[in-house]
file work.cif (mmCIF, C-alpha atoms)
data_target
#
loop_
_atom_site.label_atom_id
_atom_site.label_comp_id
_atom_site.auth_asym_id
_atom_site.auth_seq_id
_atom_site.Cartn_x
_atom_site.Cartn_y
_atom_site.Cartn_z
CA MET A 26 98.54 81.61 -107.58
CA LYS A 27 97.20 85.09 -106.80
CA TRP A 28 97.75 86.40 -110.33
CA ARG A 29 95.88 83.39 -111.74
CA VAL A 30 92.85 84.25 -109.63
CA GLU A 31 92.98 87.85 -110.85
CA TYR A 32 93.11 86.66 -114.49
CA LEU A 33 90.08 84.45 -113.81
CA TRP A 34 88.12 87.43 -112.50
CA LEU A 35 89.18 89.40 -115.59
CA VAL A 36 87.87 86.66 -117.90
CA LEU A 37 84.56 86.53 -116.03
CA PHE A 38 84.29 90.32 -116.29
CA LEU A 39 84.99 90.39 -120.04
CA LEU A 40 82.68 87.48 -120.85
CA PRO A 41 79.35 89.40 -120.57
CA ILE A 42 80.88 92.29 -122.52
CA ILE A 43 81.95 89.98 -125.36
CA LEU A 44 78.55 88.28 -125.35
CA GLY A 45 76.85 91.67 -125.53
CA VAL A 46 78.73 92.43 -128.77
CA TRP A 47 78.78 88.96 -130.34
CA TRP A 48 75.36 87.75 -129.18
CA ILE A 49 73.45 90.63 -130.76
CA PRO A 50 69.69 90.45 -130.21
CA GLY A 51 68.07 88.95 -133.26
CA ARG A 52 65.24 86.81 -134.44
CA LYS A 53 63.93 83.84 -132.46
CA GLY A 54 62.95 81.81 -135.51
CA GLY A 55 64.96 79.62 -137.81
CA LEU A 56 66.66 80.51 -141.10
CA SER A 57 63.92 78.92 -143.21
CA ASP A 58 60.81 80.82 -142.09
CA THR A 59 58.90 83.58 -143.86
CA PHE A 60 60.82 86.26 -141.94
CA SER A 61 64.21 85.11 -143.20
CA VAL A 62 66.06 86.65 -146.16
CA GLU A 63 68.62 83.81 -146.14
CA ALA A 64 68.89 81.48 -149.11
CA SER A 65 66.75 78.88 -147.36
CA GLY A 66 64.20 81.43 -146.12
CA LYS A 67 60.60 81.78 -147.33
CA LYS A 68 60.22 85.55 -147.30
CA ALA A 69 60.03 85.78 -151.12
CA ILE A 70 57.18 83.27 -151.43
CA PHE A 71 55.30 85.13 -148.70
CA TYR A 72 55.56 88.41 -150.61
CA ILE A 73 54.60 86.69 -153.87
CA ALA A 74 51.55 85.17 -152.18
CA GLN A 75 50.53 88.61 -150.90
CA GLU A 76 50.56 89.92 -154.48
CA LEU A 77 48.61 86.96 -155.89
CA PHE A 78 46.02 86.27 -153.21
CA PRO A 79 43.74 88.80 -151.50
CA ARG A 80 44.18 87.61 -147.89
CA VAL A 81 47.58 86.33 -146.72
CA THR A 82 48.90 86.27 -143.16
CA ARG A 83 51.26 84.53 -140.75
CA SER A 84 50.07 82.25 -137.93
CA THR A 85 52.31 82.39 -134.86
CA GLU A 86 50.05 81.26 -132.01
CA VAL A 87 48.94 77.62 -132.00
CA LEU A 88 48.77 74.73 -134.44
CA PRO A 89 46.30 74.50 -136.14
CA PRO A 90 45.14 78.16 -136.22
CA THR A 91 42.02 79.11 -134.31
CA ASP A 92 40.90 81.79 -136.80
CA PRO A 93 37.87 80.34 -138.62
CA ASP A 94 38.59 82.49 -141.70
CA ILE A 95 41.89 80.66 -142.34
CA THR A 96 41.08 77.95 -144.87
CA THR A 97 44.59 77.19 -146.20
CA LEU A 98 47.62 76.60 -144.01
CA CYS A 99 51.20 76.37 -145.34
CA LEU A 100 53.68 74.38 -143.27
CA LEU A 101 56.89 74.80 -145.27
CA GLY A 102 60.08 73.21 -143.93
CA PRO A 103 59.42 73.89 -140.22
CA VAL A 104 62.27 73.99 -137.70
CA ARG A 105 60.48 71.22 -135.81
CA TYR A 106 57.90 68.83 -137.17
CA PRO A 107 54.51 68.70 -135.40
CA HIS A 108 54.18 66.14 -132.62
CA SER A 109 51.52 63.44 -132.47
CA GLY A 110 48.92 65.62 -130.78
CA GLU A 111 49.38 68.43 -133.30
CA TRP A 112 49.10 65.99 -136.22
CA GLU A 113 45.78 64.78 -134.83
CA LYS A 114 44.48 68.35 -134.52
CA LEU A 115 45.66 69.12 -138.06
CA SER A 116 43.88 66.01 -139.34
CA ASN A 117 40.60 67.09 -137.76
CA TRP A 118 41.12 70.63 -139.04
CA VAL A 119 41.53 69.39 -142.63
CA LYS A 120 38.55 67.03 -142.32
CA ASP A 121 36.41 70.07 -141.52
CA GLY A 122 36.98 71.33 -145.08
CA ASN A 123 40.29 73.18 -144.92
CA THR A 124 43.52 72.71 -146.89
CA LEU A 125 46.99 71.92 -145.56
CA ILE A 126 50.10 72.42 -147.73
CA PHE A 127 53.01 70.59 -146.10
CA ALA A 128 56.62 70.64 -147.35
CA ALA A 129 59.34 68.58 -145.65
CA ARG A 130 62.72 70.08 -144.78
CA HIS A 131 65.11 69.68 -147.68
CA ASP A 132 67.97 68.47 -145.48
CA SER A 133 65.82 66.20 -143.30
CA PRO A 134 62.84 64.86 -145.27
CA ASN A 135 62.10 61.77 -143.16
CA ILE A 136 58.67 62.37 -141.65
CA GLU A 137 55.40 60.50 -141.18
CA LEU A 138 52.26 62.56 -141.43
CA GLU A 139 50.30 60.82 -138.70
CA HIS A 140 46.54 60.41 -139.28
CA PHE A 141 47.02 61.26 -142.98
CA ASN A 142 48.44 57.86 -144.11
CA VAL A 143 51.31 59.68 -145.85
CA SER A 144 55.05 59.58 -145.21
CA ILE A 145 58.20 61.04 -146.78
CA GLU A 146 61.33 58.90 -146.93
CA SER A 147 64.90 59.96 -147.68
CA ILE A 148 66.43 58.92 -151.02
CA LEU A 149 69.78 60.64 -150.42
CA SER A 150 72.64 58.81 -152.16
CA LEU A 151 75.58 59.64 -154.40
CA ASN A 152 74.58 59.75 -158.06
CA SER A 153 76.70 59.15 -161.13
CA ASN A 154 77.54 62.84 -161.44
CA GLY A 155 79.04 62.90 -157.93
CA GLY A 156 76.19 65.09 -156.61
CA ASN A 157 74.31 64.86 -153.40
CA GLY A 158 71.39 62.77 -154.65
CA ASP A 159 69.01 65.67 -155.53
CA THR A 160 66.75 64.71 -158.45
CA GLU A 161 67.01 66.92 -161.50
CA ASP A 162 63.89 66.54 -163.68
CA GLU A 163 60.25 65.49 -163.39
CA ASN A 164 56.86 65.44 -165.12
CA ASN A 165 53.45 66.48 -163.92
CA THR A 166 50.72 63.86 -164.29
CA ASP A 167 47.47 65.81 -164.06
CA GLY A 168 47.63 67.88 -167.25
CA SER A 169 47.58 71.25 -165.47
CA ASP A 170 49.99 74.17 -165.80
CA LEU A 171 52.57 72.01 -163.98
CA ASP A 172 52.76 69.67 -166.97
CA ARG A 173 56.27 70.39 -168.21
CA LYS A 174 59.84 69.42 -167.46
CA ILE A 175 61.57 71.58 -164.91
CA ALA A 176 64.56 71.37 -162.58
CA TRP A 177 63.71 69.82 -159.23
CA ARG A 178 65.88 69.35 -156.16
CA SER A 179 64.79 66.90 -153.51
CA ARG A 180 66.21 64.34 -151.13
CA GLY A 181 62.94 62.59 -150.38
CA ALA A 182 60.04 60.75 -151.96
CA ILE A 183 56.38 60.59 -150.91
CA GLU A 184 54.82 57.29 -149.92
CA VAL A 185 51.04 56.98 -149.58
CA GLN A 186 50.21 54.05 -147.35
CA ARG A 187 46.75 53.51 -148.85
CA ARG A 188 45.94 54.74 -152.34
CA TYR A 189 42.64 56.49 -152.85
CA ARG A 190 41.01 57.61 -156.05
CA GLN A 191 41.13 61.19 -154.86
CA THR A 192 44.97 61.09 -154.59
CA ASP A 193 46.59 63.02 -157.45
CA VAL A 194 50.31 63.05 -158.21
CA LEU A 195 51.21 66.58 -159.29
CA VAL A 196 55.00 66.21 -159.59
CA THR A 197 57.00 63.01 -159.98
CA THR A 198 60.58 62.06 -160.78
CA SER A 199 62.51 58.91 -161.43
CA ARG A 200 63.14 58.72 -157.68
CA GLY A 201 59.45 58.85 -156.73
CA ASP A 202 56.51 61.18 -156.23
CA GLN A 203 57.45 64.71 -155.16
CA VAL A 204 54.10 66.55 -154.92
CA ILE A 205 50.72 64.96 -154.30
CA ARG A 206 47.20 66.24 -153.65
CA LYS A 207 45.02 64.03 -151.51
CA GLY A 208 41.50 64.32 -150.19
CA HIS A 209 41.10 64.02 -146.44
CA GLY A 210 37.55 64.15 -145.15
CA ALA A 211 35.97 67.31 -146.52
CA GLY A 212 39.36 68.98 -146.98
CA THR A 213 42.55 68.64 -149.02
CA LEU A 214 46.14 67.73 -148.20
CA ILE A 215 49.02 68.78 -150.47
CA VAL A 216 52.38 67.21 -149.65
CA VAL A 217 55.72 68.37 -151.09
CA ALA A 218 58.80 66.17 -150.59
CA SER A 219 61.16 69.18 -150.25
CA ASP A 220 60.73 72.80 -149.20
CA PHE A 221 63.54 73.86 -151.54
CA VAL A 222 61.00 74.82 -154.23
CA PHE A 223 59.70 77.59 -151.88
CA SER A 224 63.14 78.89 -150.81
CA ASN A 225 64.38 82.40 -151.64
CA SER A 226 67.29 81.08 -153.71
CA ASN A 227 65.03 78.86 -155.84
CA LEU A 228 62.53 81.62 -156.63
CA VAL A 229 65.15 83.60 -158.54
CA ASN A 230 64.38 81.38 -161.54
CA SER A 231 61.05 82.26 -163.16
CA LYS A 232 60.18 78.63 -164.00
CA ASP A 233 60.79 77.53 -160.45
CA ARG A 234 58.78 80.51 -159.22
CA ASP A 235 55.85 79.49 -161.40
CA LEU A 236 56.02 75.96 -159.99
CA ALA A 237 55.93 77.21 -156.38
CA VAL A 238 52.99 79.49 -157.18
CA ALA A 239 51.15 76.66 -158.97
CA ILE A 240 51.47 74.46 -155.88
CA LEU A 241 49.97 77.24 -153.74
CA LYS A 242 47.16 77.81 -156.23
CA ALA A 243 46.31 74.12 -156.07
CA GLY A 244 45.22 74.53 -152.46
CA VAL A 245 44.12 78.16 -151.99
CA GLU A 246 40.43 78.99 -151.90
CA GLU A 247 39.30 82.37 -153.19
CA ASP A 248 37.15 83.30 -150.18
CA GLY A 249 39.52 82.12 -147.46
CA ILE A 250 42.75 83.30 -145.84
CA LEU A 251 46.10 81.77 -146.77
CA ALA A 252 48.25 81.49 -143.61
CA PHE A 253 51.92 80.57 -143.31
CA GLU A 254 52.49 78.67 -140.05
CA GLU A 255 55.36 80.08 -137.95
CA SER A 256 54.66 78.75 -134.45
CA VAL A 257 56.75 75.62 -135.19
CA ASN A 258 59.66 77.79 -136.37
CA ILE A 259 60.23 79.53 -133.03
CA ARG A 260 63.19 77.98 -131.26
CA GLY A 261 62.12 77.45 -127.68
CA GLY A 262 64.12 76.84 -124.46
CA PRO A 263 63.47 76.55 -120.75
CA LYS A 264 60.91 79.11 -119.70
CA ALA A 265 63.08 81.11 -117.27
CA PHE A 266 66.08 81.04 -119.61
CA GLY A 267 63.89 81.95 -122.57
CA ILE A 268 62.53 85.04 -120.83
CA LEU A 269 65.86 86.27 -119.47
CA PHE A 270 67.67 85.76 -122.78
CA ASP A 271 64.87 86.91 -125.04
CA PRO A 272 66.34 89.29 -127.67
CA VAL A 273 64.57 92.24 -126.02
CA ILE A 274 65.59 91.43 -122.41
CA ARG A 275 69.03 89.94 -123.17
CA PRO A 276 71.09 93.20 -122.90
CA VAL A 277 69.62 93.93 -119.45
CA THR A 278 70.30 90.34 -118.32
CA LEU A 279 73.94 90.57 -119.41
CA GLN A 280 74.35 93.87 -117.56
CA LEU A 281 72.90 92.32 -114.38
CA ILE A 282 75.33 89.41 -114.71
CA LEU A 283 78.19 91.88 -115.10
CA CYS A 284 77.09 93.77 -111.95
CA ALA A 285 76.86 90.50 -110.03
CA ILE A 286 80.41 89.56 -111.06
CA LEU A 287 81.71 92.98 -109.93
CA PHE A 288 79.87 92.68 -106.60
CA ILE A 289 81.26 89.20 -105.89
CA TRP A 290 84.75 90.35 -106.91
CA ALA A 291 84.58 93.34 -104.57
CA LYS A 292 83.36 91.20 -101.66
CA ASN A 293 86.16 88.68 -102.18
CA ARG A 294 89.01 91.18 -102.49
CA ARG A 295 90.69 93.26 -99.77
CA MET A 296 90.36 97.00 -100.29
CA GLY A 297 92.72 99.60 -98.70
CA GLN A 298 95.30 99.12 -95.97
CA THR A 299 95.35 96.24 -93.55
CA LEU A 300 93.50 96.97 -90.29
CA PRO A 301 95.63 97.07 -87.10
CA PRO A 302 95.42 94.01 -84.85
CA ILE A 303 92.71 94.11 -82.19
CA ASP A 304 93.74 94.00 -78.53
CA GLY A 305 93.00 90.46 -77.48
CA ARG A 306 92.13 91.34 -73.88
CA ARG A 307 89.66 94.03 -74.89
CA ARG A 308 88.11 91.71 -77.43
CA GLU A 309 87.66 88.98 -74.81
CA ILE A 310 85.94 91.38 -72.40
CA SER A 311 83.59 92.69 -75.11
CA GLU A 312 82.71 89.21 -76.33
CA HIS A 313 82.11 88.04 -72.74
CA ALA A 314 79.81 90.99 -72.02
CA ARG A 315 77.89 90.44 -75.27
CA ALA A 316 77.50 86.71 -74.61
CA LEU A 317 76.36 87.32 -71.01
CA GLY A 318 73.83 89.91 -72.16
CA ASN A 319 72.42 87.52 -74.78
CA LEU A 320 72.03 84.78 -72.17
CA HIS A 321 70.10 87.07 -69.77
CA PHE A 322 67.94 88.30 -72.65
CA LYS A 323 67.00 84.79 -73.76
CA ALA A 324 66.45 83.66 -70.15
CA LYS A 325 64.40 86.82 -69.44
CA THR A 326 66.46 87.54 -66.30
CA GLY A 327 67.06 91.22 -66.89
CA GLY A 328 66.13 91.97 -63.26
CA LYS A 329 69.26 90.21 -62.00
CA MET A 330 71.36 92.30 -64.36
CA LEU A 331 69.71 95.45 -62.95
CA GLN A 332 70.38 94.35 -59.37
CA SER A 333 74.04 93.59 -60.18
CA TYR A 334 74.56 96.94 -61.91
CA LEU A 335 72.77 98.84 -59.13
CA GLU A 336 75.04 97.24 -56.51
CA PHE A 337 78.07 98.19 -58.65
CA PHE A 338 76.72 101.75 -59.03
CA GLN A 339 76.16 102.19 -55.29
CA ALA A 340 79.52 100.65 -54.36
CA GLU A 341 81.31 102.93 -56.82
CA LEU A 342 79.74 106.09 -55.40
CA ARG A 343 80.25 105.06 -51.72
CA THR A 344 83.92 104.39 -52.43
CA ARG A 345 84.45 107.76 -54.10
CA PHE A 346 82.23 109.77 -51.74
CA TYR A 347 82.68 108.08 -48.37
CA GLY A 348 80.16 108.99 -45.67
CA SER A 349 77.46 110.35 -48.00
CA SER A 350 74.27 108.67 -49.13
CA ILE A 351 73.70 107.98 -52.83
CA ARG A 352 71.03 110.69 -53.17
CA GLN A 353 73.27 113.26 -51.47
CA THR A 354 76.15 112.26 -53.74
CA ILE A 355 73.96 112.75 -56.82
CA LYS A 356 72.77 116.17 -55.60
CA ARG A 357 76.30 117.25 -54.71
CA SER A 358 77.86 116.00 -57.96
CA ILE A 359 75.21 117.25 -60.41
CA GLU A 360 74.24 120.88 -60.58
CA ASP A 361 70.77 121.72 -59.34
CA GLY A 362 68.19 121.88 -62.07
CA PRO A 363 66.17 119.61 -64.33
CA THR A 364 69.13 117.29 -64.90
CA CYS A 365 69.61 116.69 -61.18
CA GLU A 366 65.89 116.03 -60.63
CA GLU A 367 65.75 113.61 -63.56
CA ALA A 368 68.81 111.78 -62.22
CA LEU A 369 67.21 111.39 -58.76
CA GLU A 370 63.96 110.11 -60.30
CA ALA A 371 65.86 107.60 -62.45
CA TYR A 372 67.82 106.34 -59.43
CA ASP A 373 64.68 105.98 -57.30
CA HIS A 374 62.94 104.13 -60.15
CA ALA A 375 65.88 101.72 -60.49
CA VAL A 376 65.78 101.00 -56.74
CA GLN A 377 62.06 100.27 -56.93
CA LEU A 378 62.47 97.95 -59.92
CA SER A 379 65.30 96.02 -58.31
CA GLY A 380 62.99 95.18 -55.40
CA ARG A 381 60.39 93.53 -57.61
CA SER A 382 60.28 89.79 -58.17
CA THR A 383 59.70 90.05 -61.95
CA ILE A 384 61.03 92.72 -64.26
CA SER A 385 60.78 92.85 -68.05
CA ASN A 386 63.97 92.96 -70.06
CA GLN A 387 62.94 96.31 -71.57
CA ASP A 388 62.46 98.00 -68.15
CA ALA A 389 65.69 96.56 -66.77
CA ALA A 390 67.66 97.71 -69.84
CA ALA A 391 66.18 101.23 -69.58
CA SER A 392 67.11 101.52 -65.90
CA ILE A 393 70.64 100.24 -66.47
CA ARG A 394 71.03 102.82 -69.23
CA ASP A 395 69.77 105.60 -66.91
CA LEU A 396 72.20 104.59 -64.14
CA ALA A 397 75.09 104.55 -66.64
CA ASN A 398 74.14 108.08 -67.76
CA ILE A 399 74.04 109.29 -64.14
CA LYS A 400 77.49 107.80 -63.51
CA GLU A 401 78.79 109.52 -66.65
CA LEU A 402 77.43 112.90 -65.48
CA ILE A 403 79.05 112.45 -62.04
CA ASP A 404 82.38 111.51 -63.68
CA ASP A 405 82.21 114.60 -65.90
CA GLU A 406 81.48 116.89 -62.92
CA GLY A 407 84.30 115.29 -60.97
CA ASN A 408 86.77 116.00 -63.78
#
call {"tool": "encode", "arguments": {"input": "work.cif", "output": "structure tokens"}}
result
Amino acid sequence: MKWRVEYLWLVLFLLPIILGVWWIPGRKGGLSDTFSVEASGKKAIFYIAQELFPRVTRSTEVLPPTDPDITTLCLLGPVRYPHSGEWEKLSNWVKDGNTLIFAARHDSPNIELEHFNVSIESILSLNSNGGNGDTEDENNTDGSDLDRKIAWRSRGAIEVQRRYRQTDVLVTTSRGDQVIRKGHGAGTLIVVASDFVFSNSNLVNSKDRDLAVAILKAGVEEDGILAFEESVNIRGGPKAFGILFDPVIRPVTLQLILCAILFIWAKNRRMGQTLPPIDGRRREISEHARALGNLHFKAKTGGKMLQSYLEFFQAELRTRFYGSSIRQTIKRSIEDGPTCEEALEAYDHAVQLSGRSTISNQDAAASIRDLANIKELIDDEGN
């Protein structure tokens, strides 16, 4: 049983070390944001946008952005979709004359754009080629530079709950509309059924790159800032846990955990040789004296303790030095000088205190200590 406990402590000790190597501090966002160089990331489209448009930035604070110069916001395959309150704020933000470009996650396209009367529904099913249901070709309907056949991968289709004249279908397939542009108040909403068109892997192809750029151009204003929203890509957790295991603080947290494990192990393990057994009689006397002293202290009866010790002190000296008074015994036993005078003053003070009706615990303890010192000096002189 003992060796099993030791192995358990060893596992607990190695766990923070293994986590420190395996759980290397990294990014807090997902694999599909504009910081990611993964296949599903959007870093390439961010760099392309910086080359094409004069003012491009990332928004990492709140949704929608508070910067009044941001007129176009890209929400491309976020880790989490906005909640109801954020959709309402986005709707008001677009109504004020701004543009929102929203692309659903390729692997999870089901989403309702609340307050915009637009939704994206999944069309994932096995096709005749044994694929995963991604559509392969489409046509543009507005006669712009998107008007050609290109490869398109999507698992969703856009549904507009109420058709308006200002709703334009930019990309469509046999499975349904894939990109639409819709007026919303004084602003514009562009919805893309899949964020795959903006992914790093898709932008390797020049035709696909042109399509992604054309979608951005459809919503970017020349005098405004194009912002890529990243606040919804940060993976959050409980506040305390999030701070302690933040990539910057995480190594220190793991080291503190390791120190705590070592401290607990040391406190629960015997170190060195076994101590010899304590004399039971001596232990009982010490415990009795300590308990009696605590009782007198709490009851504030230190004067009785002084009277008892003074009687013991006087009886001890009379027995050893029969026929002499206490003061004479002190003078005879202690050499003349300051020490003898101090001893006589301490004895006289103890006698005076013992005659009082009320004595503080502090004064009684000081007098008892003085009498004990006098007795020790007499014992030393006698030896």
call {"tool": "resolve_selection", "arguments": {"input": "work.cif", "expression": "the PyMOL selection byres ((chain A and resi 222) around 8)", "output": "list of chain:residue names"}}
result
A:Trp177, A:Arg178, A:Ser219, A:Asp220, A:Phe221, A:Phe223, A:Ser224, A:Asn227, A:Leu228, A:Asp233, A:Arg234, A:Leu236, A:Ala237
call {"tool": "residues_around", "arguments": {"input": "work.cif", "residues": "Gly318 in chain A", "least_positions_apart": "3", "cutoff": "12 Å", "atoms": "all atoms listed in the file", "output": "list in words"}}
result
Ser311, Glu312, His313, Ala314, Arg315, His321, Phe322, Lys323, Ala324, Lys325, Thr326, Gly327, Gly328, Lys329, Met330, Leu331, Asn386, Ala389 and Ala390 of chain A
call {"tool": "axis_aligned_box", "arguments": {"input": "work.cif", "around": "range 109-124 of chain A", "padding_each_side": "3 Å", "output": "JSON"}}
result
{"center_x": 44.0, "center_y": 68.3, "center_z": -138.8, "size_x": 21.1, "size_y": 15.7, "size_z": 22.1}
call {"tool": "closest_residue", "arguments": {"input": "work.cif", "among": "A:Ala391, A:Ile126, A:Leu33, A:Ile215", "to": "Tyr372 in chain A", "atoms": "only C-alpha atoms"}}
result
A:Ala391
call {"tool": "residues_around", "arguments": {"input": "work.cif", "residues": "range 273-281 of chain A", "least_positions_apart": "6", "cutoff": "8 Å", "atoms": "only C-alpha atoms", "output": "list in words"}}
result
Pro41, Ile42, Leu44, Gly45 and Pro50 of chain A
call {"tool": "residues_near_point", "arguments": {"input": "work.cif", "point": "(50.3, 66.6, -151.3)", "cutoff": "9 Å", "atoms": "all atoms listed in the file", "output": "ChimeraX atom specification"}}
result
/A:125-128,143,183,192-195,203-207,213-218
call {"tool": "write_last_selection", "arguments": {"input": "work.cif", "atoms": "C-alpha atoms", "output": "compact mmCIF listing (two decimals), in the coordinates of the input"}}
result
# COMPACT_ATOMS: atom_id res chain seq x y z
CA LEU A 125 46.99 71.92 -145.56
CA ILE A 126 50.10 72.42 -147.73
CA PHE A 127 53.01 70.59 -146.10
CA ALA A 128 56.62 70.64 -147.35
CA VAL A 143 51.31 59.68 -145.85
CA ILE A 183 56.38 60.59 -150.91
CA THR A 192 44.97 61.09 -154.59
CA ASP A 193 46.59 63.02 -157.45
CA VAL A 194 50.31 63.05 -158.21
CA LEU A 195 51.21 66.58 -159.29
CA GLN A 203 57.45 64.71 -155.16
CA VAL A 204 54.10 66.55 -154.92
CA ILE A 205 50.72 64.96 -154.30
CA ARG A 206 47.20 66.24 -153.65
CA LYS A 207 45.02 64.03 -151.51
CA THR A 213 42.55 68.64 -149.02
CA LEU A 214 46.14 67.73 -148.20
CA ILE A 215 49.02 68.78 -150.47
CA VAL A 216 52.38 67.21 -149.65
CA VAL A 217 55.72 68.37 -151.09
CA ALA A 218 58.80 66.17 -150.59
call {"tool": "resolve_selection", "arguments": {"input": "work.cif", "expression": "the PyMOL selection byres ((chain A and resi 351) around 10)", "output": "list of chain:residue names"}}
result
A:Phe338, A:Gln339, A:Ala340, A:Glu341, A:Leu342, A:Arg343, A:Phe346, A:Gly348, A:Ser349, A:Ser350, A:Arg352, A:Gln353, A:Thr354, A:Ile355, A:Lys356, A:Arg357, A:Leu369, A:Tyr372
call {"tool": "atom_distance", "arguments": {"input": "work.cif", "atom1": "CA of Gly66 in chain A", "atom2": "CA of Asn225 in chain A"}}
result
5.6 Å
call {"tool": "atom_distance", "arguments": {"input": "work.cif", "atom1": "CA of Glu360 in chain A", "atom2": "CA of Val376 in chain A"}}
result
21.9 Å
call {"tool": "atom_distance", "arguments": {"input": "work.cif", "atom1": "CA of Asp248 in chain A", "atom2": "CA of Arg105 in chain A"}}
result
29.9 Å
call {"tool": "closest_residue", "arguments": {"input": "work.cif", "among": "A:Tyr347, A:Thr97, A:Glu254, A:Arg394", "to": "Arg80 in chain A", "atoms": "only C-alpha atoms"}}
result
A:Thr97
call {"tool": "resolve_selection", "arguments": {"input": "work.cif", "expression": "the PyMOL selection byres ((chain A and resi 104) around 7)", "output": "mmCIF file with C-alpha atoms, keeping the file's coordinate frame"}}
result
data_model
loop_
_atom_site.group_PDB
_atom_site.id
_atom_site.type_symbol
_atom_site.label_atom_id
_atom_site.label_comp_id
_atom_site.auth_asym_id
_atom_site.auth_seq_id
_atom_site.Cartn_x
_atom_site.Cartn_y
_atom_site.Cartn_z
ATOM 1 C CA GLY A 55 64.960 79.620 -137.810
ATOM 2 C CA GLY A 102 60.080 73.210 -143.930
ATOM 3 C CA PRO A 103 59.420 73.890 -140.220
ATOM 4 C CA ARG A 105 60.480 71.220 -135.810
ATOM 5 C CA TYR A 106 57.900 68.830 -137.170
ATOM 6 C CA VAL A 257 56.750 75.620 -135.190
ATOM 7 C CA ASN A 258 59.660 77.790 -136.370
#
call {"tool": "residues_around", "arguments": {"input": "work.cif", "residues": "range 250-253 of chain A", "least_positions_apart": "3", "cutoff": "10 Å", "atoms": "only C-alpha atoms", "output": "PyMOL selection string"}}
result
chain A and resi 58-59+67+71+74-75+78-85+90+92-101+124-126+241+244-247+256
call {"tool": "residues_around", "arguments": {"input": "work.cif", "residues": "Asn135 in chain A", "least_positions_apart": "6", "cutoff": "9 Å", "atoms": "only C-alpha atoms", "output": "list in words"}}
result
Ala129, Ser144, Ile145, Glu146, Ser147 and Gly181 of chain A
